[in-house]
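For reference, input24.txt is printed below; it contains compact mmCIF, C-alpha atoms.
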```txt
# COMPACT_ATOMS: atom_id res chain seq x y z
CA MET A 1 37.44 -15.65 -24.08
CA GLY A 2 36.96 -18.78 -26.15
CA THR A 3 40.11 -18.25 -28.19
CA HIS A 4 43.64 -19.46 -27.75
CA LYS A 5 45.17 -16.34 -29.12
CA LYS A 6 45.76 -13.41 -26.78
CA ARG A 7 43.93 -10.27 -27.80
CA ARG A 8 46.18 -7.33 -28.44
CA PRO A 9 44.05 -4.17 -28.58
CA ASN A 10 46.86 -1.91 -29.62
CA SER A 11 48.04 -4.20 -32.32
CA ASP A 12 48.32 -2.69 -35.74
CA VAL A 13 46.99 -5.84 -37.31
CA GLY A 14 43.24 -6.69 -37.46
CA PRO A 15 40.06 -4.80 -36.51
CA GLU A 16 39.74 -2.95 -33.13
CA ALA A 17 37.90 -4.79 -30.32
CA PRO A 18 34.42 -3.25 -29.69
CA GLU A 19 34.09 -1.45 -26.33
CA LEU A 20 30.85 -1.15 -24.36
CA ASN A 21 30.00 2.44 -23.52
CA VAL A 22 29.19 2.34 -19.80
CA MET A 23 28.64 6.08 -19.37
CA PRO A 24 24.80 5.93 -19.82
CA PHE A 25 24.69 3.17 -17.16
CA ILE A 26 26.63 5.35 -14.76
CA ASP A 27 24.33 8.31 -15.48
CA VAL A 28 21.22 6.26 -14.75
CA PHE A 29 22.71 4.70 -11.60
CA SER A 30 23.84 8.10 -10.30
CA MET A 31 20.36 9.56 -10.71
CA LEU A 32 18.72 6.48 -9.16
CA ASN A 33 21.17 6.51 -6.25
CA THR A 34 20.59 10.17 -5.53
CA PHE A 35 16.81 9.76 -5.61
CA LEU A 36 16.83 6.65 -3.41
CA LEU A 37 19.30 8.09 -0.92
CA VAL A 38 17.20 11.23 -0.50
CA SER A 39 13.94 9.32 -0.04
CA ALA A 40 15.34 6.43 2.03
CA ALA A 41 13.96 5.85 5.51
CA PHE A 42 16.79 4.45 7.57
CA LEU A 43 14.71 4.44 10.76
CA GLY A 44 11.41 2.57 10.83
CA LEU A 45 8.88 4.33 13.01
CA GLY A 46 6.23 2.41 14.88
CA ILE A 47 3.73 3.10 17.61
CA LEU A 48 2.72 1.50 20.87
CA GLU A 49 -0.83 2.37 21.80
CA VAL A 50 -1.69 2.83 25.48
CA GLN A 51 -4.74 4.16 27.28
CA VAL A 52 -5.22 6.18 30.44
CA PRO A 53 -8.15 5.74 32.84
CA TYR A 54 -11.08 7.93 31.87
CA LEU A 55 -14.24 8.82 33.75
CA SER A 56 -17.21 8.93 31.44
CA ASN A 57 -20.80 9.89 32.16
CA SER A 58 -21.98 7.80 29.26
CA PRO A 59 -25.35 6.19 30.04
CA ASP A 60 -24.70 2.87 28.29
CA ILE A 61 -23.57 0.39 30.92
CA LYS A 62 -22.35 -2.93 29.64
CA ASP A 63 -23.22 -6.13 31.45
CA GLU A 64 -19.92 -6.83 33.13
CA PRO A 65 -19.28 -10.40 34.25
CA LYS A 66 -19.40 -10.92 38.02
CA ARG A 67 -16.09 -12.75 38.04
CA SER A 68 -13.38 -11.39 35.77
CA PHE A 69 -9.64 -11.87 35.47
CA SER A 70 -7.45 -8.91 36.42
CA ILE A 71 -3.77 -8.41 35.61
CA ARG A 72 -1.62 -5.73 37.20
CA VAL A 73 1.97 -4.98 36.20
CA ASP A 74 4.09 -2.87 38.58
CA ILE A 75 7.33 -1.47 37.21
CA GLU A 76 10.04 -0.42 39.61
CA ASP A 77 13.61 0.70 38.90
CA ALA A 78 15.07 -2.79 39.29
CA GLN A 79 12.16 -5.19 38.90
CA ILE A 80 8.75 -5.88 37.39
CA LYS A 81 5.97 -7.48 39.41
CA VAL A 82 3.00 -9.15 37.72
CA THR A 83 -0.09 -9.88 39.81
CA SER A 84 -2.98 -11.83 38.36
CA LEU A 85 -6.18 -12.67 40.18
CA TRP A 86 -9.89 -13.25 39.77
CA THR A 87 -12.16 -10.47 41.05
CA ALA A 88 -14.42 -12.92 42.93
CA PRO A 89 -13.53 -16.00 45.02
CA PRO A 90 -11.68 -18.18 44.43
CA GLU A 91 -9.15 -15.45 43.64
CA ASP A 92 -6.26 -17.72 42.61
CA LYS A 93 -3.86 -14.82 43.13
CA VAL A 94 -0.45 -15.31 41.51
CA GLU A 95 2.50 -12.92 41.96
CA LYS A 96 5.68 -13.12 39.93
CA THR A 97 8.72 -10.84 39.84
CA TYR A 98 11.19 -10.30 37.04
CA LYS A 99 14.46 -8.40 36.80
CA PHE A 100 15.41 -6.07 33.95
CA ASP A 101 17.79 -8.55 32.32
CA ASP A 102 17.30 -10.33 29.01
CA THR A 103 16.53 -13.73 30.54
CA ASP A 104 13.85 -12.42 32.89
CA ILE A 105 12.33 -10.12 30.27
CA SER A 106 12.01 -13.05 27.92
CA ARG A 107 10.46 -15.10 30.79
CA LEU A 108 7.97 -12.25 31.35
CA HIS A 109 7.02 -12.35 27.67
CA THR A 110 6.49 -16.13 27.70
CA ASP A 111 4.48 -15.96 30.95
CA MET A 112 2.23 -13.23 29.53
CA ILE A 113 1.49 -15.35 26.45
CA ALA A 114 0.68 -18.31 28.73
CA LEU A 115 -1.58 -16.10 30.88
CA ARG A 116 -3.50 -14.88 27.82
CA MET A 117 -3.93 -18.41 26.51
CA LYS A 118 -5.19 -19.48 29.96
CA VAL A 119 -7.84 -16.73 30.09
CA PRO A 120 -8.37 -15.57 26.48
CA GLU A 121 -11.46 -13.45 27.32
CA THR A 122 -9.34 -10.85 29.14
CA ASP A 123 -7.63 -8.54 26.66
CA LYS A 124 -6.67 -5.76 29.06
CA LEU A 125 -3.99 -5.22 31.68
CA THR A 126 -3.19 -2.29 33.93
CA LEU A 127 0.33 -0.99 34.27
CA TYR A 128 1.73 1.04 37.16
CA ALA A 129 5.22 2.55 37.14
CA ASP A 130 7.41 4.39 39.63
CA ASP A 131 8.21 8.00 38.80
CA THR A 132 11.91 7.24 38.41
CA VAL A 133 11.45 4.45 35.85
CA LYS A 134 13.00 5.41 32.52
CA TYR A 135 10.80 5.75 29.44
CA GLU A 136 13.03 3.19 27.71
CA GLN A 137 12.28 0.62 30.46
CA LEU A 138 8.56 1.35 30.25
CA VAL A 139 8.54 0.79 26.48
CA LYS A 140 10.46 -2.48 26.93
CA VAL A 141 7.85 -3.77 29.37
CA ILE A 142 4.89 -2.62 27.22
CA ASP A 143 6.53 -4.33 24.26
CA ASN A 144 6.81 -7.64 26.09
CA VAL A 145 3.32 -7.66 27.58
CA LYS A 146 1.53 -6.35 24.51
CA THR A 147 3.15 -7.41 21.26
CA VAL A 148 3.77 -10.77 19.66
CA LYS A 149 7.25 -10.64 18.10
CA GLU A 150 7.67 -10.85 14.34
CA LYS A 151 9.13 -14.37 14.28
CA GLU A 152 6.82 -15.84 16.92
CA PRO A 153 3.67 -17.76 15.99
CA ARG A 154 0.53 -15.62 15.99
CA MET A 155 -1.91 -15.88 18.91
CA ASN A 156 -4.71 -18.32 18.27
CA LEU A 157 -7.56 -16.75 20.25
CA PRO A 158 -11.30 -17.40 20.13
CA PRO A 159 -13.50 -14.58 18.73
CA GLY A 160 -14.70 -11.89 21.12
CA PRO A 161 -18.25 -11.64 22.56
CA ASP A 162 -19.31 -9.53 19.56
CA GLY A 163 -18.22 -12.32 17.22
CA LYS A 164 -15.30 -10.35 15.79
CA PRO A 165 -12.03 -12.26 15.44
CA ALA A 166 -9.46 -11.38 18.12
CA PRO A 167 -6.30 -9.70 16.80
CA ASN A 168 -3.56 -12.31 16.55
CA ASN A 169 -0.54 -10.00 16.77
CA PHE A 170 -1.21 -8.77 20.31
CA ILE A 171 -0.94 -10.59 23.63
CA TYR A 172 -2.88 -7.92 25.51
CA GLU A 173 -4.23 -5.35 23.09
CA LYS A 174 -5.34 -2.87 25.74
CA VAL A 175 -2.65 -1.58 28.06
CA VAL A 176 -3.91 0.98 30.57
CA ILE A 177 -1.42 3.20 32.38
CA GLY A 178 -3.07 3.14 35.80
CA SER A 179 -0.65 5.63 37.37
CA VAL A 180 -2.10 8.48 35.31
CA ILE A 181 -4.92 9.61 37.54
CA LEU A 182 -5.58 12.79 39.51
CA MET B 1 37.84 8.32 -20.79
CA ALA B 2 40.82 9.70 -18.99
CA SER B 3 43.95 9.74 -20.96
CA ALA B 4 47.47 10.72 -20.15
CA GLY B 5 49.53 12.16 -22.92
CA GLY B 6 53.27 11.96 -23.00
CA ASP B 7 56.18 11.01 -25.05
CA SER B 8 55.39 7.32 -24.82
CA GLY B 9 52.07 7.85 -26.68
CA GLU B 10 50.24 5.26 -24.49
CA THR B 11 46.55 5.81 -23.59
CA LEU B 12 45.40 5.01 -20.04
CA SER B 13 41.73 4.13 -19.64
CA LEU B 14 39.88 4.24 -16.30
CA ASN B 15 38.28 0.92 -15.41
CA LEU B 16 34.67 1.81 -14.51
CA MET B 17 33.49 -1.71 -13.76
CA PRO B 18 34.20 -1.66 -9.97
CA MET B 19 32.26 1.61 -9.73
CA LEU B 20 29.33 0.04 -11.58
CA ASP B 21 29.45 -2.93 -9.20
CA ILE B 22 29.27 -0.62 -6.18
CA PHE B 23 26.40 1.35 -7.73
CA SER B 24 24.48 -1.85 -8.47
CA ILE B 25 24.82 -3.08 -4.88
CA LEU B 26 23.86 0.32 -3.48
CA VAL B 27 20.81 0.61 -5.74
CA THR B 28 19.71 -2.93 -4.80
CA PHE B 29 20.05 -2.18 -1.06
CA LEU B 30 18.21 1.13 -1.34
CA LEU B 31 15.42 -0.38 -3.43
CA MET B 32 15.01 -3.17 -0.84
CA SER B 33 14.66 -0.66 2.01
CA TYR B 34 12.52 1.76 0.01
CA SER B 35 9.33 2.57 1.82
CA THR B 36 6.12 3.43 0.06
CA ASP B 37 4.54 4.48 3.36
CA PRO B 38 2.66 7.75 2.81
CA THR B 39 3.38 9.03 6.35
CA THR B 40 6.92 10.21 6.76
CA HIS B 41 8.33 12.07 9.69
CA ASP B 42 11.76 13.44 10.57
CA VAL B 43 12.55 12.59 14.17
CA ASP B 44 13.77 15.53 16.28
CA SER B 45 17.57 15.55 16.21
CA ASN B 46 17.72 16.28 19.93
CA LEU B 47 16.15 13.01 21.03
CA GLU B 48 16.62 9.27 20.76
CA LEU B 49 13.58 7.01 20.44
CA PRO B 50 13.33 3.75 22.40
CA ASP B 51 13.53 0.52 20.40
CA SER B 52 10.46 -1.66 20.05
CA VAL B 53 9.35 -4.89 18.39
CA THR B 54 5.95 -3.43 17.52
CA LEU B 55 4.59 -4.19 14.08
CA VAL B 56 2.21 -1.23 14.10
CA THR B 57 3.43 1.51 11.79
CA MET B 58 3.17 5.20 12.59
CA ASP B 59 -0.07 6.54 11.12
CA GLU B 60 0.02 10.19 12.12
CA VAL B 61 2.71 12.77 12.72
CA PRO B 62 3.35 13.25 16.47
CA SER B 63 1.73 16.31 18.01
CA ILE B 64 3.72 16.23 21.24
CA VAL B 65 7.51 16.17 21.00
CA VAL B 66 9.58 15.86 24.18
CA ASN B 67 13.25 16.19 23.35
CA ARG B 68 16.09 16.38 25.89
CA ASN B 69 15.45 20.01 26.81
CA GLU B 70 11.94 21.06 25.86
CA ILE B 71 8.32 20.12 25.23
CA LEU B 72 6.76 21.10 21.91
CA VAL B 73 3.13 20.81 20.85
CA ASN B 74 2.54 21.07 17.10
CA ASN B 75 6.12 22.38 16.69
CA LYS B 76 5.49 25.21 19.15
CA LYS B 77 7.89 25.27 22.09
CA LEU B 78 5.88 25.42 25.32
CA VAL B 79 8.12 24.31 28.18
CA THR B 80 11.86 24.34 28.78
CA LEU B 81 12.90 21.40 30.95
CA GLU B 82 15.32 21.79 33.84
CA ASN B 83 17.38 18.58 34.17
CA GLY B 84 14.56 16.63 32.56
CA LYS B 85 11.97 18.05 34.95
CA VAL B 86 9.14 20.53 34.39
CA PRO B 87 9.64 23.86 36.25
CA ALA B 88 7.31 24.14 39.25
CA ALA B 89 5.78 27.33 37.83
CA ASP B 90 4.32 25.35 34.88
CA LEU B 91 2.70 22.68 37.06
CA ALA B 92 -0.87 22.56 38.33
CA GLN B 93 -2.40 19.49 40.00
CA GLY B 94 0.34 17.31 38.55
CA ALA B 95 -0.38 18.38 34.95
CA ILE B 96 1.64 20.78 32.80
CA MET B 97 -0.48 23.89 32.25
CA PRO B 98 0.93 25.12 28.89
CA VAL B 99 0.61 21.58 27.47
CA PHE B 100 -2.92 21.21 28.83
CA LYS B 101 -3.99 24.54 27.27
CA ALA B 102 -2.49 23.66 23.88
CA LEU B 103 -4.08 20.20 23.90
CA LYS B 104 -7.44 21.60 25.00
CA GLU B 105 -7.38 23.91 21.96
CA ILE B 106 -6.67 20.94 19.68
CA SER B 107 -9.39 18.89 21.39
CA ASP B 108 -11.97 21.69 21.00
CA VAL B 109 -11.15 22.11 17.30
CA ASN B 110 -11.43 18.34 16.79
CA LYS B 111 -14.74 18.23 18.64
CA LYS B 112 -16.23 21.05 16.57
CA ALA B 113 -15.07 19.39 13.35
CA ILE B 114 -16.64 16.06 14.36
CA GLU B 115 -19.90 17.68 15.44
CA GLU B 116 -20.04 19.57 12.13
CA PHE B 117 -19.38 16.35 10.25
CA ARG B 118 -22.16 14.52 12.13
CA ARG B 119 -24.65 17.40 11.94
CA ASP B 120 -27.44 15.27 10.55
CA THR B 121 -27.12 12.39 13.03
CA SER B 122 -28.88 11.94 16.38
CA PRO B 123 -27.67 14.07 19.38
CA ASP B 124 -26.05 11.04 21.05
CA ASP B 125 -23.99 10.22 17.96
CA LYS B 126 -22.93 13.86 17.59
CA LYS B 127 -20.76 13.71 20.72
CA ALA B 128 -17.09 13.33 19.90
CA LYS B 129 -15.34 10.36 21.43
CA PRO B 130 -12.20 10.91 23.56
CA GLY B 131 -9.26 11.58 21.27
CA GLU B 132 -5.94 10.01 20.38
CA ILE B 133 -2.59 11.73 20.29
CA THR B 134 0.95 10.69 19.33
CA ILE B 135 3.94 11.40 21.60
CA GLU B 136 7.56 11.45 20.47
CA MET B 137 9.82 11.36 23.52
CA ASP B 138 13.49 10.86 24.37
CA LYS B 139 14.16 7.42 25.85
CA LYS B 140 16.17 8.73 28.80
CA HIS B 141 13.32 10.73 30.36
CA ASP B 142 11.66 9.58 33.57
CA PHE B 143 8.16 8.14 33.66
CA GLN B 144 7.16 11.10 35.85
CA LEU B 145 7.46 13.44 32.87
CA LEU B 146 5.40 11.14 30.63
CA LYS B 147 2.82 10.83 33.42
CA ARG B 148 2.50 14.61 33.66
CA ILE B 149 2.06 14.90 29.88
CA MET B 150 -0.52 12.12 29.86
CA LEU B 151 -2.33 13.76 32.75
CA SER B 152 -2.43 17.04 30.79
CA GLY B 153 -3.78 15.10 27.81
CA GLN B 154 -6.33 13.29 29.95
CA GLN B 155 -7.66 16.61 31.26
CA ALA B 156 -7.95 17.81 27.66
CA GLU B 157 -9.98 14.64 26.87
CA PHE B 158 -7.26 12.63 25.17
CA VAL B 159 -7.46 9.06 26.39
CA THR B 160 -5.40 7.06 23.88
CA PHE B 161 -1.72 7.82 23.54
CA LYS B 162 0.43 6.49 20.73
CA LEU B 163 4.06 6.29 21.82
CA LEU B 164 6.43 6.75 18.89
CA VAL B 165 9.18 4.12 18.87
CA ALA B 166 12.00 2.98 16.60
CA LYS B 167 11.12 -0.37 15.04
CA GLU B 168 13.83 -2.97 15.56
CA SER B 169 12.89 -4.88 12.42
CA ILE B 170 13.15 -2.71 9.32
```
Show me the file's structure as structure tokens.
Amino acid sequence: MGTHKKRRPNSDVGPEAPELNVMPFIDVFSMLNTFLLVSAAFLGLGILEVQVPYLSNSPDIKDEPKRSFSIRVDIEDAQIKVTSLWTAPPEDKVEKTYKFDDTDISRLHTDMIALRMKVPETDKLTLYADDTVKYEQLVKVIDNVKTVKEKEPRMNLPPGPDGKPAPNNFIYEKVVIGSVIL
Amino acid sequence: MASAGGDSGETLSLNLMPMLDIFSILVTFLLMSYSTDPTTHDVDSNLELPDSVTLVTMDEVPSIVVNRNEILVNNKKLVTLENGKVPAADLAQGAIMPVFKALKEISDVNKKAIEEFRRDTSPDDKKAKPGEITIEMDKKHDFQLLKRIMLSGQQAEFVTFKLLVAKESI
């Protein structure tokens, strides 16, 4: 390095070339590796929050609007059906079906974002599933109707009636599993 | 340093640089994926979690675990599944009786603790709100099984269920 003469370490002439002792490095790296490998989390765990219908005898009754927007998602083995309508006339009922393939699932996700932007006051949807639907399929649907993906722009929603800012990482924050009822 | 003796008198030295390179890369990768999250949980080896894009991180250890063959509540085995289904003897009105009883116990303990905590507040505020519970379940199970578990939870006054999933982005 930087000299024209070749270095000859075993030469009898001249001083010996200095050698870096790498053993302490290896010791430190081994310890660090062991510690990090033991404490590493190779699987990130998350949660999807869902609610079930609940009958309450609570006396406080909120003033519910006479005309509200209702969204119902029906999951079957091969398809997903989304029904949206207003609870009072004009209903403007819209029904759409989607298959369990990547294209349709992505269409479902886009349509749900559009639906929320159209009626931002409604933050709840009800989900019904057939008994034979796999848990994996259910989670996939909940994911696409509830959560804004990491690389997507956040939802820009007006604040709620209580003045609190609406969460921007959810499409529909409240997902109710309507099938769970006696 | 390793050396090999012999008639030739030459000394062989082991080149440790490639090993140091590997260690550096490994340490960098592990430090990048190091989590400082206080809640850690080992997923049951007999189940596979569904993937999800959720950004919400697990905040409590799951109380209900449904692996391929059994249902556990707080690590206590309550039901053995038969081909992914609950035996008829354990069912009552669509709910799973052993699960309901275990969850009711948890709910009662929670309620007492909350009432004790709010002893000095007004009677209306003393009432405990419906609870939350986390479920860890194998992705191949049918919705019917989840529905029965949720129904058992609902009867035991659990209204919010947190479904444990594997985050796709880590």
Query raised in the report: How far is it from CA of His141 in chain B to CA of Val66 in chain B, in Å with one decimal?
Result: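 Computing it gives 8.9 Å between the two atoms.
Here CA of Lys167 in chain B is placed at a distance of 14.7 Å from CA of Lys146 in chain A.
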Taking only C-alpha atoms into account, produce a table as JSON lines in which each residue of chain A with an atom at most 6 Å from an atom of chain B appears once, together with its shortest atom pair and the distance in Å to one decimal, ordered by chain and rising number.
```
{"residue": "A:Asn33", "atom": "CA", "partner": "B:Val27", "partner_atom": "CA", "distance": 5.9}
{"residue": "A:Ala40", "atom": "CA", "partner": "B:Tyr34", "partner_atom": "CA", "distance": 5.8}
{"residue": "A:Gly44", "atom": "CA", "partner": "B:Lys167", "partner_atom": "CA", "distance": 5.1}
{"residue": "A:Leu45", "atom": "CA", "partner": "B:Ala166", "partner_atom": "CA", "distance": 4.9}
{"residue": "A:Gly46", "atom": "CA", "partner": "B:Thr57", "partner_atom": "CA", "distance": 4.3}
{"residue": "A:Ile47", "atom": "CA", "partner": "B:Leu164", "partner_atom": "CA", "distance": 4.7}
{"residue": "A:Leu48", "atom": "CA", "partner": "B:Leu163", "partner_atom": "CA", "distance": 5.1}
{"residue": "A:Glu49", "atom": "CA", "partner": "B:Lys162", "partner_atom": "CA", "distance": 4.4}
{"residue": "A:Val50", "atom": "CA", "partner": "B:Phe161", "partner_atom": "CA", "distance": 5.4}
{"residue": "A:Gln51", "atom": "CA", "partner": "B:Thr160", "partner_atom": "CA", "distance": 4.5}
{"residue": "A:Val52", "atom": "CA", "partner": "B:Val159", "partner_atom": "CA", "distance": 5.5}
{"residue": "A:Asp131", "atom": "CA", "partner": "B:Gln144", "partner_atom": "CA", "distance": 4.4}
{"residue": "A:Thr132", "atom": "CA", "partner": "B:Asp142", "partner_atom": "CA", "distance": 5.4}
{"residue": "A:Val133", "atom": "CA", "partner": "B:Phe143", "partner_atom": "CA", "distance": 5.4}
{"residue": "A:Lys134", "atom": "CA", "partner": "B:Asp142", "partner_atom": "CA", "distance": 4.5}
{"residue": "A:Tyr135", "atom": "CA", "partner": "B:Lys139", "partner_atom": "CA", "distance": 5.2}
{"residue": "A:Glu136", "atom": "CA", "partner": "B:Lys139", "partner_atom": "CA", "distance": 4.8}
{"residue": "A:Val180", "atom": "CA", "partner": "B:Lys147", "partner_atom": "CA", "distance": 5.8}
```
Report task. Name all residues at most 7 Å from Lys174 in chain A (count all atoms listed in the file; drop same-chain ones fewer than 6 positions away) and give them as a list in words. Result ->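 The neighbour list is Val50, Asp123, Lys124 and Leu125 of chain A.
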Keeping only C-alpha atoms, take the residues you just selected and write them out as a tab-separated table (two decimals), keeping the file's coordinate frame.
```tsv
chain	number	residue	atom	x	y	z
A	50	VAL	CA	-1.69	2.83	25.48
A	123	ASP	CA	-7.63	-8.54	26.66
A	124	LYS	CA	-6.67	-5.76	29.06
A	125	LEU	CA	-3.99	-5.22	31.68
```
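Minimum distance to Tyr128 in chain A across A:Ile75, A:Ala88, A:Val94, A:Val145 (counting only C-alpha atoms) occurs at A:Ile75.
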Requested in this report: List the neighbours of Leu103 in chain B out to 8 Å using only C-alpha atoms; skip same-chain residues closer than 3 positions along the sequence, and give me the result as a PyMOL selection string.
Outcome: chain B and resi 73+99-100+106-107+152-153+156
Rebuild N, CA and C atoms on range 70-86 of chain A, as a compact mmCIF listing (two decimals), in the frame of the given file?
```txt
# COMPACT_ATOMS: atom_id res chain seq x y z
N SER A 70 -8.12 -10.21 36.40
CA SER A 70 -7.45 -8.91 36.42
C SER A 70 -5.93 -9.10 36.45
N ILE A 71 -5.24 -8.32 35.64
CA ILE A 71 -3.77 -8.41 35.61
C ILE A 71 -3.19 -7.02 35.89
N ARG A 72 -2.25 -6.99 36.83
CA ARG A 72 -1.62 -5.73 37.20
C ARG A 72 -0.11 -5.90 37.06
N VAL A 73 0.52 -4.94 36.37
CA VAL A 73 1.97 -4.98 36.20
C VAL A 73 2.56 -3.76 36.89
N ASP A 74 3.43 -3.98 37.88
CA ASP A 74 4.09 -2.87 38.58
C ASP A 74 5.54 -2.80 38.15
N ILE A 75 5.93 -1.62 37.65
CA ILE A 75 7.33 -1.47 37.21
C ILE A 75 8.08 -0.61 38.22
N GLU A 76 9.15 -1.17 38.73
CA GLU A 76 10.04 -0.42 39.61
C GLU A 76 11.38 -0.27 38.91
N ASP A 77 12.31 0.47 39.54
CA ASP A 77 13.61 0.70 38.90
C ASP A 77 14.35 -0.60 38.56
N ALA A 78 14.26 -1.58 39.47
CA ALA A 78 15.07 -2.79 39.29
C ALA A 78 14.25 -4.03 38.96
N GLN A 79 12.95 -3.97 39.14
CA GLN A 79 12.16 -5.19 38.90
C GLN A 79 10.74 -4.91 38.40
N ILE A 80 10.13 -5.95 37.88
CA ILE A 80 8.75 -5.88 37.39
C ILE A 80 7.96 -6.92 38.17
N LYS A 81 6.79 -6.51 38.67
CA LYS A 81 5.97 -7.48 39.41
C LYS A 81 4.63 -7.65 38.67
N VAL A 82 4.27 -8.87 38.40
CA VAL A 82 3.00 -9.15 37.72
C VAL A 82 2.07 -9.86 38.71
N THR A 83 0.90 -9.27 38.92
CA THR A 83 -0.09 -9.88 39.81
C THR A 83 -1.34 -10.20 39.00
N SER A 84 -1.75 -11.46 39.06
CA SER A 84 -2.98 -11.83 38.36
C SER A 84 -3.93 -12.46 39.36
N LEU A 85 -5.18 -12.09 39.28
CA LEU A 85 -6.18 -12.67 40.18
C LEU A 85 -7.58 -12.54 39.60
N TRP A 86 -8.49 -13.34 40.15
CA TRP A 86 -9.89 -13.25 39.77
C TRP A 86 -10.57 -12.27 40.72
```
